[in-house]
Every structure is written in C-alpha cells, then in structure tokens.
Amino acid sequence: MRQALCLAPAKINLALHVTGRRPDGYHELDTLVAFAGIGDRLTARPGAEDRFLLSGPFGRHLDAGPGNLVLRARDALARQVPGRPAVEIGLEKNLPVASGIGGGSADAAATLLALDALWDVRLPMADLEAMAAQIGSDVPMCLHSRPLRARGRGERIELLPAGPALHAVLVNPGVEASTPAIFAGLEKRDNPPLDFSGNGLPAVVELAAMRNDLQAPAVRAFPVIGETLGLLAAQPDCLLARMSGSGATCFGLFPGADEAQAAAAAIARLRPDWWSVATVLHGGEMPSRRAVSAAAGV
Ligand code: C5P
C-alpha cells in the first residue's frame, strides 16, 4: 500500500501592497512571498473509509468538519477521479490557525499535491492552480512553496529565480485576525505596486522600502500586533520586522541562524504564551517536499 507525504510550509508575505479593489469585492494585490522551514505535515493513504485526523500542537484549534480546506481540496480533486478509493488523511498542525501565514491554504495545497500523487492523477500544474484558486486566494501560491511574486487576487504567480535563504523569526501573539475584517479596515485601497525588478528576492534594504498595507488596520484592530512588531525590532541584529498577510503573525529578518535563535528564545522568555520560532525562508525550491512511499506497518 502506498502513502503520500507532503509538507505544508508557512507562507510569509515579505511585502504585500493592496493596489485596488475589484468589482467582486476582492482586492488587487502585489505581494512577495517566501516559504518557511516550519510547517504542517500532511499524510494520505488508502483506508477502509474516508477519515481526517488532526494532531500536533495546534490540531485541537481546528475544526475537522466539511468546511476544512483539506476536505474541500480532497473533494475538488476527487471530482476528477470517478470511483476513487477511500483515503485516510492525517494533518500534523504545527502552525497557529488563522494567523496570516497561510496554514489552511498550505494544507489545502499539500492535499492536492499528495492526492494527485497517491491517486496517480498527474494533473498539469495549470489545472491544479485553477482548482486551488477555487478553494482560496492563497492556495495556488502554496502549490509552489518557493519564492514568488503574486498579483491579482493572489493567483497570478511569477516564480522568482533561486537566491540565498533568509533567516527569520516568526512570532504570533495568540489573537486570531479575521482576514475580511482586516481588509475592511483599510483606509486606502489604491496604493502603488511593488517597485521591484523581479530578479530574485530583494535585499533587505529594498524590502524595507516596501510595505504590508494590511499592517496598519491589523495593528488598529489588535494593538498587541504593534507590540509584537516592537519586540521583534528591539532584538539585537533585527534587520526588518513586519506582519505577514492579514496577521497576526509577524516576522523578523536576521543576518544568521544564531541571531534568529537568540531572538526567538528572548521573545519566548518575555512572552511564554506566544508562539515564537526561528526558521529559514527557503531561497528556492524546498528539498523533498513531497514523497510517495510504502505505508509503514501495512
Ligand atoms: O480567498 P479567500 O477565501 O482566502 O479570502 C478570504 C477573504 O479575504 C475574502 O473573503 C476577502 O474578504 C479577503 N481577500 C480580499 N482580496 C484578496 C484576497 C482575500 O479582499 N485578494
């Protein structure tokens, strides 16, 4: 019996400019995204019946009902595979939920990739992207999990040439920011796009000139996000502190792994109930993200 494993890495918006509003109510975005060394882990294997099991530190924060993006992704792909076999899906939830780092979107993308492999569907990437966009704006970019620029609703993706990894600290202060509410709090929706040549991830000095336009409304709604940014920026050697997505997770960039580790440890000491981790943001494709193997114990 075969088993598919797919990692679902955290998505970090290094910059996110809101450039307009569309007639359908969504916003036009221009965002630079990188993917972290930390993430959820999704496994899929044939079973007697469909099952979905949650585990991991944030597993109990998530509803395993039909609205879960993993099940929506399973059912979307299943429509392409008449008579498909039952599948047991396990999700180890290591990322805080509703936190601006694309956890649910990454899980949905990992489900599409895992089941595409397990069921031997081999859909072209363009078809997977179209399916992903129906599930959520961030799901197509999470299929790629490598540095990219995304425009439109988030589905117009331009992969960036590989570059060096970045060292980062991710901090979540434990509040759940609702994405629609944060978008609704924008004071300006026609901001300029990224000033960016497209040749690899920009240097930190260039990133510093960019913004996350959702940061101001998020800080207004949740002042603790401002506190999180201040704490990151106050760490020795912090090169840049910014919020990801619609929050509440913020990231700091650091010159090396040691500085990032020290900052994450210092923040964990000061705020033991917050989530604070040091990680890398991959500069290119993630090594061995998806694997199909003989299932253990069968
Ligand atoms: O696409 P998704 O369901 O993930 O989007 C969640 C919410 O975020 C939308 O309902 C919308 O309020 C907001 N959104 C937006 N513009 C985007 C992406 C998301 O306004 N490009």
# chains A, B, ... in the order shown; residues from 1 in each chain; ligands from 1

$ select_by_dssp --residues "stretch 64-285 of chain A" --states "helix (DSSP H, G or I)" --output "ChimeraX atom specification"
/A:69-78,103-118,125-135,139-144,179-184,204-208,215-221,223-233,257-270

$ residues_around --residues "A:Ala265" --least-positions-apart "3" --cutoff "12 Å" --atoms "only C-alpha atoms" --output "ChimeraX atom specification"
/A:169-171,232,235,258-262,268-272,274-278

$ write_last_selection --atoms "N, CA, C and O atoms" --output "tab-separated table (two decimals), in the first residue's frame"
chain	number	residue	atom	x	y	z
A	169	VAL	N	12.55	35.00	12.29
A	169	VAL	CA	11.83	34.61	13.50
A	169	VAL	C	10.36	34.92	13.24
A	169	VAL	O	10.03	36.01	12.76
A	170	LEU	N	9.50	33.95	13.53
A	170	LEU	CA	8.05	34.14	13.39
A	170	LEU	C	7.47	34.24	14.79
A	170	LEU	O	7.78	33.42	15.66
A	171	VAL	N	6.62	35.26	15.00
A	171	VAL	CA	6.02	35.45	16.32
A	171	VAL	C	4.52	35.68	16.16
A	171	VAL	O	4.09	36.55	15.39
A	232	LEU	N	10.05	42.42	18.20
A	232	LEU	CA	10.95	41.88	17.18
A	232	LEU	C	12.02	42.91	16.81
A	232	LEU	O	13.21	42.61	16.77
A	235	GLN	N	15.07	43.36	19.06
A	235	GLN	CA	16.07	42.31	19.25
A	235	GLN	C	17.37	42.68	18.55
A	235	GLN	O	17.35	43.24	17.45
A	258	ASP	N	22.13	31.99	14.20
A	258	ASP	CA	22.38	32.18	15.64
A	258	ASP	C	21.61	33.39	16.16
A	258	ASP	O	20.99	33.34	17.23
A	259	GLU	N	21.64	34.48	15.41
A	259	GLU	CA	20.93	35.70	15.83
A	259	GLU	C	19.42	35.43	15.88
A	259	GLU	O	18.72	35.90	16.78
A	260	ALA	N	18.92	34.68	14.90
A	260	ALA	CA	17.49	34.37	14.87
A	260	ALA	C	17.11	33.50	16.07
A	260	ALA	O	16.09	33.75	16.74
A	261	GLN	N	17.94	32.48	16.35
A	261	GLN	CA	17.67	31.60	17.51
A	261	GLN	C	17.64	32.41	18.80
A	261	GLN	O	16.76	32.22	19.66
A	262	ALA	N	18.63	33.31	18.95
A	262	ALA	CA	18.73	34.10	20.18
A	262	ALA	C	17.49	34.99	20.33
A	262	ALA	O	16.93	35.13	21.43
A	268	ALA	N	10.50	34.32	23.56
A	268	ALA	CA	9.79	33.25	24.28
A	268	ALA	C	9.93	33.44	25.79
A	268	ALA	O	8.99	33.12	26.54
A	269	ARG	N	11.08	33.94	26.23
A	269	ARG	CA	11.24	34.19	27.68
A	269	ARG	C	10.33	35.32	28.15
A	269	ARG	O	9.69	35.26	29.19
A	270	LEU	N	10.25	36.37	27.32
A	270	LEU	CA	9.42	37.53	27.69
A	270	LEU	C	7.93	37.24	27.58
A	270	LEU	O	7.12	37.78	28.34
A	271	ARG	N	7.55	36.46	26.59
A	271	ARG	CA	6.13	36.17	26.32
A	271	ARG	C	5.95	34.65	26.16
A	271	ARG	O	5.75	34.16	25.05
A	272	PRO	N	6.01	33.92	27.27
A	272	PRO	CA	5.98	32.46	27.16
A	272	PRO	C	4.69	31.91	26.55
A	272	PRO	O	4.69	30.79	26.03
A	274	TRP	N	3.16	33.22	23.92
A	274	TRP	CA	3.12	33.49	22.48
A	274	TRP	C	3.84	32.36	21.74
A	274	TRP	O	4.59	31.58	22.33
A	275	TRP	N	3.63	32.31	20.42
A	275	TRP	CA	4.33	31.33	19.57
A	275	TRP	C	5.51	32.06	18.95
A	275	TRP	O	5.34	33.09	18.28
A	276	SER	N	6.70	31.56	19.17
A	276	SER	CA	7.90	32.24	18.69
A	276	SER	C	8.90	31.21	18.21
A	276	SER	O	9.35	30.37	19.00
A	277	VAL	N	9.22	31.21	16.91
A	277	VAL	CA	10.15	30.20	16.37
A	277	VAL	C	11.16	30.85	15.43
A	277	VAL	O	10.84	31.79	14.69
A	278	ALA	N	12.37	30.32	15.46
A	278	ALA	CA	13.39	30.71	14.48
A	278	ALA	C	13.32	29.71	13.33
A	278	ALA	O	13.14	28.51	13.55

$ residues_around --residues "A:Asn94" --least-positions-apart "4" --cutoff "7 Å" --atoms "only C-alpha atoms" --output "compact mmCIF listing (two decimals) with N, CA, C and O atoms, in the first residue's frame"
# COMPACT_ATOMS: atom_id res chain seq x y z
N GLY A 39 6.37 24.09 9.15
CA GLY A 39 5.07 23.96 8.51
C GLY A 39 4.31 22.78 9.06
O GLY A 39 4.76 22.11 9.99
N ASP A 40 3.13 22.56 8.48
CA ASP A 40 2.32 21.39 8.82
C ASP A 40 2.81 20.21 7.98
O ASP A 40 3.53 20.40 6.99
N GLY A 56 -0.81 17.30 16.44
CA GLY A 56 0.14 18.40 16.51
C GLY A 56 -0.31 19.48 17.47
O GLY A 56 -1.47 19.50 17.93
N PRO A 57 0.58 20.43 17.78
CA PRO A 57 0.31 21.43 18.82
C PRO A 57 -0.93 22.30 18.57
O PRO A 57 -1.54 22.77 19.53
N PHE A 58 -1.32 22.50 17.29
CA PHE A 58 -2.49 23.35 17.03
C PHE A 58 -3.67 22.54 16.48
O PHE A 58 -4.66 23.12 16.02

$ select_by_dssp --residues "stretch 98-268 of chain A" --states "strand (DSSP E or B)" --output "PyMOL selection string"
chain A and resi 148-152+156-159+166-172+212+240-243+250-254

$ write_last_selection --atoms "N, CA and C atoms" --output "PDB file, in the first residue's frame"
ATOM      1  N   LEU A 148       8.216  33.782  -4.711  1.00  0.00           N
ATOM      2  CA  LEU A 148       7.414  34.186  -5.859  1.00  0.00           C
ATOM      3  C   LEU A 148       6.801  35.560  -5.601  1.00  0.00           C
ATOM      4  N   ARG A 149       6.357  36.124  -6.712  1.00  0.00           N
ATOM      5  CA  ARG A 149       5.559  37.345  -6.664  1.00  0.00           C
ATOM      6  C   ARG A 149       4.162  36.966  -7.127  1.00  0.00           C
ATOM      7  N   ALA A 150       3.146  37.446  -6.417  1.00  0.00           N
ATOM      8  CA  ALA A 150       1.775  37.120  -6.829  1.00  0.00           C
ATOM      9  C   ALA A 150       0.986  38.407  -6.979  1.00  0.00           C
ATOM     10  N   ARG A 151       0.197  38.457  -8.031  1.00  0.00           N
ATOM     11  CA  ARG A 151      -0.665  39.626  -8.270  1.00  0.00           C
ATOM     12  C   ARG A 151      -2.099  39.177  -8.492  1.00  0.00           C
ATOM     13  N   GLY A 152      -2.949  40.121  -8.869  1.00  0.00           N
ATOM     14  CA  GLY A 152      -4.377  39.809  -8.994  1.00  0.00           C
ATOM     15  C   GLY A 152      -4.920  39.533  -7.612  1.00  0.00           C
ATOM     16  N   ARG A 156      -2.102  35.226  -9.826  1.00  0.00           N
ATOM     17  CA  ARG A 156      -1.201  35.494 -10.950  1.00  0.00           C
ATOM     18  C   ARG A 156       0.225  35.411 -10.432  1.00  0.00           C
ATOM     19  N   ILE A 157       0.848  34.258 -10.663  1.00  0.00           N
ATOM     20  CA  ILE A 157       2.091  33.918  -9.952  1.00  0.00           C
ATOM     21  C   ILE A 157       3.292  33.986 -10.880  1.00  0.00           C
ATOM     22  N   GLU A 158       4.349  34.594 -10.380  1.00  0.00           N
ATOM     23  CA  GLU A 158       5.613  34.670 -11.114  1.00  0.00           C
ATOM     24  C   GLU A 158       6.687  34.086 -10.179  1.00  0.00           C
ATOM     25  N   LEU A 159       7.228  32.918 -10.542  1.00  0.00           N
ATOM     26  CA  LEU A 159       8.262  32.310  -9.689  1.00  0.00           C
ATOM     27  C   LEU A 159       9.544  33.107  -9.830  1.00  0.00           C
ATOM     28  N   LEU A 166      16.799  33.194   3.732  1.00  0.00           N
ATOM     29  CA  LEU A 166      16.785  34.267   4.730  1.00  0.00           C
ATOM     30  C   LEU A 166      16.580  33.630   6.111  1.00  0.00           C
ATOM     31  N   HIS A 167      17.152  34.253   7.122  1.00  0.00           N
ATOM     32  CA  HIS A 167      16.958  33.766   8.494  1.00  0.00           C
ATOM     33  C   HIS A 167      15.876  34.607   9.150  1.00  0.00           C
ATOM     34  N   ALA A 168      14.907  33.944   9.745  1.00  0.00           N
ATOM     35  CA  ALA A 168      13.734  34.665  10.238  1.00  0.00           C
ATOM     36  C   ALA A 168      13.281  34.146  11.586  1.00  0.00           C
ATOM     37  N   VAL A 169      12.552  35.005  12.286  1.00  0.00           N
ATOM     38  CA  VAL A 169      11.835  34.612  13.500  1.00  0.00           C
ATOM     39  C   VAL A 169      10.361  34.919  13.239  1.00  0.00           C
ATOM     40  N   LEU A 170       9.498  33.947  13.530  1.00  0.00           N
ATOM     41  CA  LEU A 170       8.055  34.145  13.393  1.00  0.00           C
ATOM     42  C   LEU A 170       7.465  34.245  14.790  1.00  0.00           C
ATOM     43  N   VAL A 171       6.624  35.258  14.999  1.00  0.00           N
ATOM     44  CA  VAL A 171       6.016  35.450  16.322  1.00  0.00           C
ATOM     45  C   VAL A 171       4.517  35.678  16.163  1.00  0.00           C
ATOM     46  N   ASN A 172       3.737  34.889  16.889  1.00  0.00           N
ATOM     47  CA  ASN A 172       2.280  35.078  16.894  1.00  0.00           C
ATOM     48  C   ASN A 172       1.806  35.329  18.315  1.00  0.00           C
ATOM     49  N   ASN A 212       3.590  46.189   4.153  1.00  0.00           N
ATOM     50  CA  ASN A 212       2.396  45.349   4.190  1.00  0.00           C
ATOM     51  C   ASN A 212       1.251  46.315   4.469  1.00  0.00           C
ATOM     52  N   LEU A 240      14.722  43.702   9.930  1.00  0.00           N
ATOM     53  CA  LEU A 240      13.409  44.166   9.471  1.00  0.00           C
ATOM     54  C   LEU A 240      12.337  43.428  10.269  1.00  0.00           C
ATOM     55  N   ALA A 241      11.313  44.140  10.713  1.00  0.00           N
ATOM     56  CA  ALA A 241      10.184  43.486  11.395  1.00  0.00           C
ATOM     57  C   ALA A 241       8.912  43.898  10.672  1.00  0.00           C
ATOM     58  N   ARG A 242       8.063  42.910  10.337  1.00  0.00           N
ATOM     59  CA  ARG A 242       6.846  43.220   9.560  1.00  0.00           C
ATOM     60  C   ARG A 242       5.809  42.142   9.842  1.00  0.00           C
ATOM     61  N   MET A 243       4.550  42.469   9.575  1.00  0.00           N
ATOM     62  CA  MET A 243       3.474  41.488   9.709  1.00  0.00           C
ATOM     63  C   MET A 243       3.334  40.700   8.412  1.00  0.00           C
ATOM     64  N   CYS A 250       3.857  37.975  12.912  1.00  0.00           N
ATOM     65  CA  CYS A 250       4.855  38.912  12.413  1.00  0.00           C
ATOM     66  C   CYS A 250       6.164  38.169  12.247  1.00  0.00           C
ATOM     67  N   PHE A 251       7.028  38.705  11.374  1.00  0.00           N
ATOM     68  CA  PHE A 251       8.335  38.074  11.183  1.00  0.00           C
ATOM     69  C   PHE A 251       9.427  39.120  11.371  1.00  0.00           C
ATOM     70  N   GLY A 252      10.571  38.646  11.814  1.00  0.00           N
ATOM     71  CA  GLY A 252      11.771  39.475  11.836  1.00  0.00           C
ATOM     72  C   GLY A 252      12.816  38.793  10.982  1.00  0.00           C
ATOM     73  N   LEU A 253      13.603  39.571  10.259  1.00  0.00           N
ATOM     74  CA  LEU A 253      14.720  39.010   9.490  1.00  0.00           C
ATOM     75  C   LEU A 253      16.013  39.290  10.237  1.00  0.00           C
ATOM     76  N   PHE A 254      16.916  38.302  10.200  1.00  0.00           N
ATOM     77  CA  PHE A 254      18.170  38.379  10.949  1.00  0.00           C
ATOM     78  C   PHE A 254      19.328  37.957  10.048  1.00  0.00           C
TER      79      PHE A 254
END

$ closest_atom_pairs --of "chain A" --to "ligand 1" --cutoff "9 Å" --atoms "only C-alpha atoms and all ligand atoms" --output "CSV"
residue,atom,partner,partner_atom_place_in_ligand_line,distance
A:Val18,CA,ligand 1,21 (N),8.3
A:Arg21,CA,ligand 1,20 (O),7.7
A:Arg22,CA,ligand 1,16 (N),8.4
A:Gly25,CA,ligand 1,20 (O),6.2
A:Tyr26,CA,ligand 1,20 (O),3.7
A:His27,CA,ligand 1,16 (N),3.7
A:Glu28,CA,ligand 1,21 (N),5.5
A:Leu29,CA,ligand 1,21 (N),5.7
A:Gly102,CA,ligand 1,4 (O),8.9
A:Ser105,CA,ligand 1,4 (O),7.6
A:Ala133,CA,ligand 1,1 (O),7.6
A:Gln134,CA,ligand 1,1 (O),8.0
A:Ile135,CA,ligand 1,3 (O),7.0
A:Gly136,CA,ligand 1,1 (O),3.8
A:Ser137,CA,ligand 1,1 (O),3.7
A:Asp138,CA,ligand 1,4 (O),6.0
A:Val139,CA,ligand 1,4 (O),7.8
A:Arg151,CA,ligand 1,21 (N),8.3
A:Gly152,CA,ligand 1,21 (N),6.7
A:Arg153,CA,ligand 1,21 (N),3.6
A:Gly154,CA,ligand 1,21 (N),5.6
A:Glu155,CA,ligand 1,21 (N),8.6
A:Ser178,CA,ligand 1,7 (C),8.2
A:Thr179,CA,ligand 1,8 (O),4.9
A:Pro180,CA,ligand 1,12 (O),3.5
A:Ala181,CA,ligand 1,12 (O),7.2
A:Ile182,CA,ligand 1,12 (O),8.2
A:Phe183,CA,ligand 1,20 (O),5.8
A:Ala184,CA,ligand 1,12 (O),7.5
A:Ser246,CA,ligand 1,8 (O),8.5

$ residues_around --residues "stretch 217-220 of chain A" --least-positions-apart "6" --cutoff "6 Å" --atoms "only C-alpha atoms" --output "list of chain:residue names"
A:Ile182, A:Gly185, A:Leu186, A:Gly226

$ closest_atom_pairs --of "stretch 30-64 of chain A" --to "stretch 187-202 of chain A" --cutoff "8 Å" --atoms "only C-alpha atoms" --output "Markdown table"
| residue | atom | partner | partner_atom | distance |
| --- | --- | --- | --- | --- |
| A:Asp30 | CA | A:Pro193 | CA | 6.0 |
| A:Thr31 | CA | A:Leu194 | CA | 7.5 |
| A:Leu32 | CA | A:Leu201 | CA | 7.9 |

$ closest_residue --among "A:Asp213, A:Ala266, A:Ala64, A:Glu206" --to "A:Leu239" --atoms "only C-alpha atoms"
A:Glu206

$ closest_residue --among "A:Ala208, A:Ala78, A:Leu16, A:Ala165" --to "A:Gly100" --atoms "only C-alpha atoms"
A:Leu16
